[in-house]
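Q: Below you'll find the structure I mean.
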Amino acid sequence: MQLTGLRRTGVLLAIPGIALVLLLHWQVFFWVPTEVTMGVIQRIYYVHVPSAWVAFMAFGIVAACSAAYLWLGDERLDMAAVSAAEGGVLFTTIVLLTGPLWARTAWGTWWTWEPRLTSTLLLWFIYVGYLLLRGATDSPQRGKRFAAVLGILGILDIPLIHLSVTWFRSLHPQAVVMRPEGPQADPSMVITLLTGLAAFTLLFFAIMTYRYALERLTVERSTAFAGTPAPSVAGGGA
Amino acid sequence: MRKKGLSFSLAIAFVLVATSLLMAQGAGDISQLARQNLRPYWHVFIAYILVWLILFGWVVSIARRLGRIERGLQGSGPPSGR
Amino acid sequence: MTLVDVPVAPAVPTVTPAPALDARELVKDFGPLRAVAGISFAMRPGELLAVFGPNGAGKTTLLRMLAGALKPTSGEVFLGSERLEPGAAEWRRSIGVLSHQTFLNPQLTAAENLRFYGQLFGLRDLATRIPERLERVGLLDRAEMRVRHLSRGMQQRLSLARTLLHDPQVILLDEPYAGLDPHAAALLNRALAALRDGERTILLITHNLAEGFDVADRLAIQVNGRFVFQGSRAGLEGGEFPRFYARVVEGASR
Amino acid sequence: MTAYLNQVRIIVWRDLTVELRSRERIAAMGGFAVLVAVLIYYAIDLTIVRPRDVAAGLIWMTILFSGMLGFGRAFAMDLEQDQLQGILLSPISRGAFYLGKTIANFALLTAVEALVFTVFGGFFNLSYGGTAWLIVAVVVATAGVAGLGTLLGAIAVHTRPSDSILPLLAFPLLIPLVIHAVMATGRLMAGRPPAEVGGNLRMLAAFAILFLAAGTVLFRYVVEE
């Protein structure tokens with residue numbers, strides 16, 4: 001069990017992560033100026049965008065680990081994939097919840113079939129399907145392979161999904177797109193956003209490390225309980 | 001058990017910090033821009049709370065699952081049938 | 001490793017330089033579960049090895065690895081002198097599998113089923129080969145009948161014809177006696193005898209101690225993913241084999 | 001190469017022969033499609049909505065749902081008497097097996113589509129202008145649907161809630177394809193020039209190629225252990 005090593009890694013990632021989170025809150029609430037056109041609501045941006053970034057990165061990890069798992073068959077790759085997928089789905093949930101909170105003020109509506117919202121929603125469904133599929137088979141090994149196939153399929157589909165929904169919308173009058181990184185953006189806004197990106201990335205990897213350790217332990221426990229045949233035929237009795 | 005308590009207290013600390021900071025900021029702005037709608041403040045407030053609730057929910061769920069397995073591994077050990 | 005109170009000396013497999021089927025330390029894990037835990041054996045052409053064992057001993061897993069349907073977690077299997085790798089198309093071409101499931105489609109006729117598998121195996125002379133094979137299993141007059149109208153015994157005979165259609169070098173049988181009427185069982189045993197004369201290598205997995213013992217050259221007993229007994233049947237009487245089997249299994253799983 | 005195509009051909013022949021004899025899936029899919037058409041007729045207030053404005057979307061909804069119904073069963077048939085195992089133990093290329101299954105599913109869905117277009121045309125008094133390009137659009141979209149449906153059908157057949165999990169997995173991946181299928185079909189039915197749907201057709205082709213290529217490569221990981 002190298003799990004103590006894993007835990008140490010998790011803590012080493014979490015400490016700067018939490019520090020950056022604290023810094024981010026100070027920046028967001030005390031330091032960064034209020035954006036001129038959108039007002040206070042724009043501050044959601046500093047968690048919304050980092051969440052989206054982390055979610056995409058997580059799904060990228062899922063796809064890469066899934067492909068490698070199918071190729072090499074190493075169980076650890078599958079454990080990494082499921083850990084990343086769980087995180088990816090949660091961060092996508094954050095994106096989908098904070099987005100409408102912003103849109104209600106900025107666009108005057110909770111939900112709109114704006115391209116980015118639509119692709120994010122579909123992405124969420126695809127990877128919820130990934131998590132469901134793992135538990136839906138009688139043989140866990142099969143579930144892992146099926147999920148890996150879906151994980152790869154999902155990432156391949158993303159560019160086409162995005163292209164399609166953008167296309168679909170572009171034929172209609174387009175709503176305002178939020179662009180704080182536009183020409184008039186204050187450098188402090190960029191700094192705050194970068195802090196958010198760094199904080200979320202570190203936190204994601206810290207939690208994912210723990211999630212991975214959990215997956216390892218789960219497998220080790222089922223080995224101890226569900227019984228590999230005893231190593232020696234002569235053993236036993238007592 | 002200790003880990004669980006730690007995550008809970010951290011969660012509460014964060015929510016408190018976020019809440020108080022937002023309140024402070026909101027209160028300041030209200031006095032200056034009294035005419036502005038209050039809704040955006042609430043939405044920012046809810047958004048930040050949701051983010052940390054979800055993340056801490058994830059951490060707590062992992063910690064609980066880890067704890068359960070570790071108790072299983074150390075406490076009972078493999079069943080005596082073998 | 002082997003049990004002390006065995007009445008026969010377990011024969012160390014001494015085989016000709018190029019065994020027809022050579023398995024070395026085969027291991028198969030399903031996640032945390034170890035279904036096959038290190039099995040080695042070698043067979044020469046014309047030999048029939050019968051593997052017995054209780055449910056859950058990993059017999060079917062072993063057979064599916066030998067068939068190339070499952071990739072071993074570790075260990076190696078070789079086929080013939082060419083040292084083929086399991087799972088390759090050439091490997092599948094040299095193996096025939098007969099299971100208690102027939103692999104036949106009930107909506108297709110007997111001849112169509114054989115034609116389907118014949119084409120999958122890339123056989124060219126199907127126009128002559130299929131009637132000849134149907135003749136051999138006594139189903140020529142049923143060639144145009146759909147399989148779902150055939151009796152269970154006939155289906156199993158057709159399945160035997162399907163297994164041998166491409167003249168495999170190695171034949172793997174998984175509980176072939178299940179659901180067979182005595183006529184079909186006798187036919188199967190005659191076919192097995194003919195195949196051994198034809199220098200084919202046969203591995204048989206069965207619960208049926210009597211049938212299995214009668215046809216085998218060598219016996220193996222698999223418990224918990226291992227061969228706990230492997231040896232020739234010399235020195236064993238058919239009548240005492242069930243008791244011997246029960247003792248070995250009980251000793252190994254205690 | 002010829003061996004590969006032969007393997008594809010023999011699988012297609014087998015699946016279609018079996019389907020023609022049992023008519024299990026075509027009956028379920030066709031019956032479902034006609035019933036949906038009847039339901040939709042009563043679900044739409046024809047004094048408010050002009051049917052041909054929404055026909056393309058309704059037609060594709062019907063096609064998609066009946067397709068899921070059929071694809072879920074494409075591999076269920078092979079589990080009987082363990083035929084799937086028998087096929088996998090033969091030296092067939094896994095890609096060829098997948099393509100054969102996909103072509104058979106494609107043929108089946110095309111037959112259902114012919115029925116759907118006829119029935120909707122009759123019920124809602126639709127006229128299909130620009131027929132040649134309409135057929136191109138439908139065929140390309142169907143190739144994509146069949147390509148993904150076959151791959152996911154092979155997955156779904158080994159899951160416990162096998163009938164409910166296939167649409168759950170397939171629809172998020174298929175929605176973008178449906179967008180283009182509906183746009184192309186709708187515009188062509190309204191008599192717009194084919195040039196207007198060129199982009200949609202290219203996107204449909206992109207989806208079809210992606211799904212077929214991914215299926216050919218990934219299928220072996222679905223069926224092999």
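Chain labels follow the order of the structure tokens: the first chain is A, the next B, and so on; residue numbering restarts at 1 in every chain, and ligands are counted from 1 in their shown order.
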Output the contact residues of chain C with respect to chain A at a cut-off of 10 Å, based on only C-alpha atoms, as a count of residues only.
A: 23
Q: When you look at Arg7 of chain A with a cut-off of 8 Å (counting only C-alpha atoms), what residues show up, excluding the ones that are within fewer than 5 positions of it in the same chain? I need them as a list in words.
A: Thr209, Tyr210 and Ala213 of chain A
Q: Using only C-alpha atoms, find the one residue out of D:Ile209, D:Ile175, D:Val136, D:Leu5 that sits nearest to chain C.
A: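 The shortest atom-to-atom distance to chain C comes from D:Leu5.
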Q: Any idea what the distance is between atom CA of Arg196 of chain C and atom CA of Glu47 of chain C?
A: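 Separation of atom CA of Arg196 of chain C and atom CA of Glu47 of chain C: 6.5 Å.
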Q: Extract, using only C-alpha atoms, all DNA, RNA and protein residues at most 7 Å from Val44 of chain B, discarding same-chain residues fewer than 2 positions from it, and format them as a list in words.
A: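 My list of contacting residues is Ile41, Arg43 and Ile44 of chain A; Pro40, Tyr41, Trp42, Ile46, Ala47 and Tyr48 of chain B.
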Q: Sorted by chain and rising residue number, list the residues of chain D at most 9 Å from chain A (counting only C-alpha atoms), each with its closest atom pair and distance in Å to one decimal, as a Markdown table.
A:
| residue | atom | partner | partner_atom | distance |
| --- | --- | --- | --- | --- |
| D:Leu152 | CA | A:Leu150 | CA | 8.6 |
| D:Ile155 | CA | A:Phe146 | CA | 6.3 |
| D:Ala156 | CA | A:Leu133 | CA | 8.9 |
| D:His158 | CA | A:Thr137 | CA | 6.3 |
| D:Thr159 | CA | A:Thr137 | CA | 4.5 |
| D:Arg160 | CA | A:Ala136 | CA | 5.7 |
| D:Pro161 | CA | A:Ala136 | CA | 7.2 |
| D:Ser162 | CA | A:Ala136 | CA | 8.7 |
| D:Ile165 | CA | A:Leu133 | CA | 8.1 |
| D:Leu168 | CA | A:Gly129 | CA | 6.8 |
| D:Leu169 | CA | A:Gly129 | CA | 5.8 |
| D:Ala170 | CA | A:Ile126 | CA | 8.6 |
| D:Phe171 | CA | A:Ile126 | CA | 8.8 |
| D:Pro172 | CA | A:Leu122 | CA | 5.3 |
| D:Leu173 | CA | A:Asp157 | CA | 6.7 |
| D:Leu174 | CA | A:Ile161 | CA | 8.9 |
| D:Ile175 | CA | A:Ile161 | CA | 8.1 |
| D:Pro176 | CA | A:Ile161 | CA | 5.4 |
| D:Leu177 | CA | A:Ser164 | CA | 7.8 |
| D:Ile179 | CA | A:Phe168 | CA | 7.3 |
| D:His180 | CA | A:Ser164 | CA | 7.5 |
| D:Met183 | CA | A:Phe168 | CA | 8.8 |
| D:Asn200 | CA | A:Ser164 | CA | 8.9 |
| D:Met203 | CA | A:Ser164 | CA | 7.7 |
| D:Ala206 | CA | A:Leu160 | CA | 8.1 |
| D:Phe207 | CA | A:Leu160 | CA | 7.5 |
| D:Leu210 | CA | A:Leu156 | CA | 7.9 |
| D:Phe211 | CA | A:Leu153 | CA | 8.4 |
| D:Ala214 | CA | A:Leu153 | CA | 7.3 |
| D:Leu218 | CA | A:Val149 | CA | 6.6 |
| D:Phe219 | CA | A:Val149 | CA | 8.5 |
| D:Tyr221 | CA | A:Arg145 | CA | 6.7 |
| D:Val222 | CA | A:Phe146 | CA | 6.1 |
| D:Glu225 | CA | A:Arg142 | CA | 7.6 |
Q: If we count only C-alpha atoms and set the cut-off at 8 Å, which residues sit around segment 49-55 of chain C, ignoring sequence neighbours fewer than 5 positions away in its own chain? Please answer as a PyMOL selection string.
A: chain C and resi 43+202-207+209+212-213+216-223+249
Q: Would you export the selected residues with all heavy atoms as a short mmCIF file (atom, residue, chain, number, x, y, z; two decimals), in the first residue's frame, please?
A:
data_model
loop_
_atom_site.label_atom_id
_atom_site.label_comp_id
_atom_site.auth_asym_id
_atom_site.auth_seq_id
_atom_site.Cartn_x
_atom_site.Cartn_y
_atom_site.Cartn_z
N MET C 43 0.24 -30.89 -24.14
CA MET C 43 -0.42 -32.05 -24.73
C MET C 43 0.19 -32.35 -26.09
O MET C 43 0.52 -31.44 -26.84
CB MET C 43 -1.91 -31.77 -24.91
CG MET C 43 -2.65 -31.63 -23.60
SD MET C 43 -4.32 -31.06 -23.86
CE MET C 43 -5.04 -32.51 -24.58
N ILE C 202 -7.31 -32.92 -27.93
CA ILE C 202 -8.65 -32.64 -27.41
C ILE C 202 -8.59 -32.33 -25.92
O ILE C 202 -7.95 -33.05 -25.15
CB ILE C 202 -9.60 -33.84 -27.64
CG1 ILE C 202 -9.59 -34.22 -29.12
CG2 ILE C 202 -11.00 -33.49 -27.20
CD1 ILE C 202 -10.24 -35.55 -29.41
N LEU C 203 -9.25 -31.25 -25.54
CA LEU C 203 -9.38 -30.93 -24.12
C LEU C 203 -10.87 -30.90 -23.79
O LEU C 203 -11.65 -30.22 -24.45
CB LEU C 203 -8.74 -29.58 -23.81
CG LEU C 203 -8.68 -29.24 -22.33
CD1 LEU C 203 -7.28 -28.87 -21.92
CD2 LEU C 203 -9.64 -28.11 -21.99
N LEU C 204 -11.22 -31.67 -22.78
CA LEU C 204 -12.63 -31.85 -22.45
C LEU C 204 -12.88 -31.37 -21.03
O LEU C 204 -12.17 -31.77 -20.10
CB LEU C 204 -12.99 -33.34 -22.59
CG LEU C 204 -14.28 -33.84 -21.95
CD1 LEU C 204 -15.48 -33.30 -22.70
CD2 LEU C 204 -14.29 -35.36 -21.94
N ILE C 205 -13.87 -30.52 -20.88
CA ILE C 205 -14.24 -30.06 -19.55
C ILE C 205 -15.61 -30.61 -19.24
O ILE C 205 -16.54 -30.45 -20.04
CB ILE C 205 -14.26 -28.52 -19.51
CG1 ILE C 205 -12.84 -28.00 -19.38
CG2 ILE C 205 -15.10 -28.01 -18.38
CD1 ILE C 205 -12.76 -26.53 -19.45
N THR C 206 -15.77 -31.28 -18.13
CA THR C 206 -17.07 -31.88 -17.86
C THR C 206 -17.29 -32.15 -16.38
O THR C 206 -16.35 -32.24 -15.59
CB THR C 206 -17.23 -33.20 -18.65
OG1 THR C 206 -18.51 -33.74 -18.40
CG2 THR C 206 -16.17 -34.20 -18.24
N HIS C 207 -18.56 -32.25 -16.03
CA HIS C 207 -18.95 -32.72 -14.71
C HIS C 207 -19.21 -34.21 -14.73
O HIS C 207 -19.33 -34.85 -13.70
CB HIS C 207 -20.26 -32.05 -14.28
CG HIS C 207 -20.06 -30.69 -13.73
ND1 HIS C 207 -20.68 -29.58 -14.26
CD2 HIS C 207 -19.30 -30.24 -12.72
CE1 HIS C 207 -20.30 -28.52 -13.58
NE2 HIS C 207 -19.46 -28.88 -12.65
N LEU C 209 -18.39 -37.48 -14.66
CA LEU C 209 -17.18 -38.24 -14.31
C LEU C 209 -17.06 -39.51 -15.15
O LEU C 209 -15.99 -39.86 -15.65
CB LEU C 209 -17.18 -38.60 -12.83
CG LEU C 209 -17.15 -37.41 -11.86
CD1 LEU C 209 -17.17 -37.92 -10.43
CD2 LEU C 209 -15.91 -36.57 -12.09
N GLY C 212 -16.42 -38.75 -18.98
CA GLY C 212 -15.12 -38.11 -19.09
C GLY C 212 -13.98 -39.09 -18.85
O GLY C 212 -13.01 -39.13 -19.59
N PHE C 213 -14.14 -39.92 -17.81
CA PHE C 213 -13.07 -40.88 -17.48
C PHE C 213 -12.87 -41.88 -18.62
O PHE C 213 -11.75 -42.24 -18.97
CB PHE C 213 -13.43 -41.61 -16.18
CG PHE C 213 -12.35 -42.53 -15.71
CD1 PHE C 213 -11.31 -42.05 -14.93
CD2 PHE C 213 -12.36 -43.88 -16.05
CE1 PHE C 213 -10.31 -42.88 -14.49
CE2 PHE C 213 -11.36 -44.72 -15.61
CZ PHE C 213 -10.33 -44.22 -14.84
N ALA C 216 -10.89 -40.34 -21.69
CA ALA C 216 -9.67 -39.56 -21.51
C ALA C 216 -8.41 -40.42 -21.54
O ALA C 216 -8.42 -41.60 -21.18
CB ALA C 216 -9.73 -38.81 -20.19
N ASP C 217 -7.29 -39.80 -22.00
CA ASP C 217 -5.97 -40.39 -21.80
C ASP C 217 -5.39 -39.89 -20.48
O ASP C 217 -4.73 -40.61 -19.75
CB ASP C 217 -4.99 -39.95 -22.90
CG ASP C 217 -5.50 -40.30 -24.26
OD1 ASP C 217 -5.76 -41.48 -24.49
OD2 ASP C 217 -5.66 -39.37 -25.08
N ARG C 218 -5.62 -38.60 -20.26
CA ARG C 218 -5.09 -37.99 -19.05
C ARG C 218 -6.21 -37.27 -18.33
O ARG C 218 -7.18 -36.82 -18.94
CB ARG C 218 -4.00 -36.98 -19.41
CG ARG C 218 -2.60 -37.60 -19.35
CD ARG C 218 -1.64 -36.70 -20.04
NE ARG C 218 -1.55 -35.40 -19.41
CZ ARG C 218 -1.09 -34.33 -20.04
NH1 ARG C 218 -0.71 -34.40 -21.29
NH2 ARG C 218 -1.01 -33.18 -19.41
N LEU C 219 -6.03 -37.13 -17.01
CA LEU C 219 -7.06 -36.50 -16.21
C LEU C 219 -6.45 -35.33 -15.46
O LEU C 219 -5.28 -35.35 -15.10
CB LEU C 219 -7.60 -37.50 -15.17
CG LEU C 219 -8.03 -38.87 -15.69
CD1 LEU C 219 -8.24 -39.81 -14.53
CD2 LEU C 219 -9.29 -38.74 -16.51
N ALA C 220 -7.26 -34.32 -15.26
CA ALA C 220 -6.85 -33.23 -14.38
C ALA C 220 -8.04 -32.85 -13.53
O ALA C 220 -9.18 -32.93 -13.98
CB ALA C 220 -6.37 -32.04 -15.20
N ILE C 221 -7.77 -32.47 -12.31
CA ILE C 221 -8.84 -31.99 -11.43
C ILE C 221 -8.51 -30.57 -11.04
O ILE C 221 -7.41 -30.29 -10.53
CB ILE C 221 -8.99 -32.88 -10.18
CG1 ILE C 221 -9.39 -34.30 -10.63
CG2 ILE C 221 -10.05 -32.31 -9.25
CD1 ILE C 221 -9.46 -35.29 -9.50
N GLN C 222 -9.44 -29.67 -11.35
CA GLN C 222 -9.19 -28.25 -11.11
C GLN C 222 -10.05 -27.77 -9.95
O GLN C 222 -11.26 -27.96 -9.93
CB GLN C 222 -9.52 -27.44 -12.37
CG GLN C 222 -9.13 -25.99 -12.26
CD GLN C 222 -9.33 -25.25 -13.58
OE1 GLN C 222 -9.51 -25.86 -14.63
NE2 GLN C 222 -9.30 -23.93 -13.53
N VAL C 223 -9.38 -27.18 -8.96
CA VAL C 223 -10.09 -26.60 -7.82
C VAL C 223 -9.49 -25.22 -7.58
O VAL C 223 -8.26 -25.07 -7.60
CB VAL C 223 -9.94 -27.48 -6.55
CG1 VAL C 223 -10.68 -26.85 -5.38
CG2 VAL C 223 -10.45 -28.88 -6.80
N VAL C 249 -11.03 -33.32 -4.35
CA VAL C 249 -11.69 -32.02 -4.29
C VAL C 249 -11.87 -31.57 -2.85
O VAL C 249 -11.60 -30.43 -2.49
CB VAL C 249 -13.06 -32.07 -5.01
CG1 VAL C 249 -13.85 -30.80 -4.74
CG2 VAL C 249 -12.85 -32.27 -6.50
#
Q: So that I can check the surroundings of Val95 of chain A, please list as a PyMOL selection string every protein, DNA and RNA residue that reaches within 12 Å of it, counting only C-alpha atoms and ignoring chain neighbours fewer than 4 positions away.
A: (chain A and resi 44-56+88-91+99-103+116-121+123-124) or (chain B and resi 47-48+50-51+54)
Q: Near chain D, meaning an atom within 9 Å, which residues of chain C appear when counting only C-alpha atoms? Write them as a PyMOL selection string.
A: chain C and resi 67-71+87-93+95-97+100-108+112+116-117+119-122
Q: Go through A:Leu202, A:Val62, A:Ala106, A:Leu193 and flag the residue nearest chain B, using only C-alpha atoms for the distances.
A: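 Of A:Leu202, A:Val62, A:Ala106, A:Leu193, the one nearest chain B is A:Ala106, counting only C-alpha atoms.
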Q: From a DSSP calculation on the backbone, collect every residue of segment 87-162 of chain A in helix (DSSP H, G or I) and output the set as JSON, numbers by chain.
A: {"A": [87, 88, 89, 90, 91, 92, 93, 94, 95, 96, 97, 98, 99, 100, 101, 102, 103, 104, 105, 106, 115, 116, 117, 118, 119, 120, 121, 122, 123, 124, 125, 126, 127, 128, 129, 130, 131, 132, 133, 134, 135, 140, 141, 142, 143, 144, 145, 146, 147, 148, 149, 150, 151, 152, 153, 154, 155, 156, 157, 158, 159, 160, 161, 162]}
Q: Write out as an NGL selection string the set of residues from segment 3-235 of chain C that DSSP, computed on the backbone, places in strand (DSSP E).
A: :C and (21-30 or 33-43 or 48-52 or 74-79 or 95-99 or 170-174 or 201-205 or 218-223 or 226-232)
Q: Within 10 Å of Leu201 of chain D, counting only C-alpha atoms, which residues show up once you throw out same-chain ones fewer than 2 positions away? Write them as a list in words, please.
A: Trp133, Val136, Ala137, Val138, Val140, Ala141, His180, Ala181, Met183, Ala184, Pro194, Ala195, Glu196, Val197, Gly198, Gly199, Met203, Leu204, Ala205, Ala206 and Phe207 of chain D
Q: Work out how far apart atom CA of Phe78 of chain C and atom CA of Leu48 of chain C are and give it in Å to one decimal.
A: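 So the answer is 16.9 Å.
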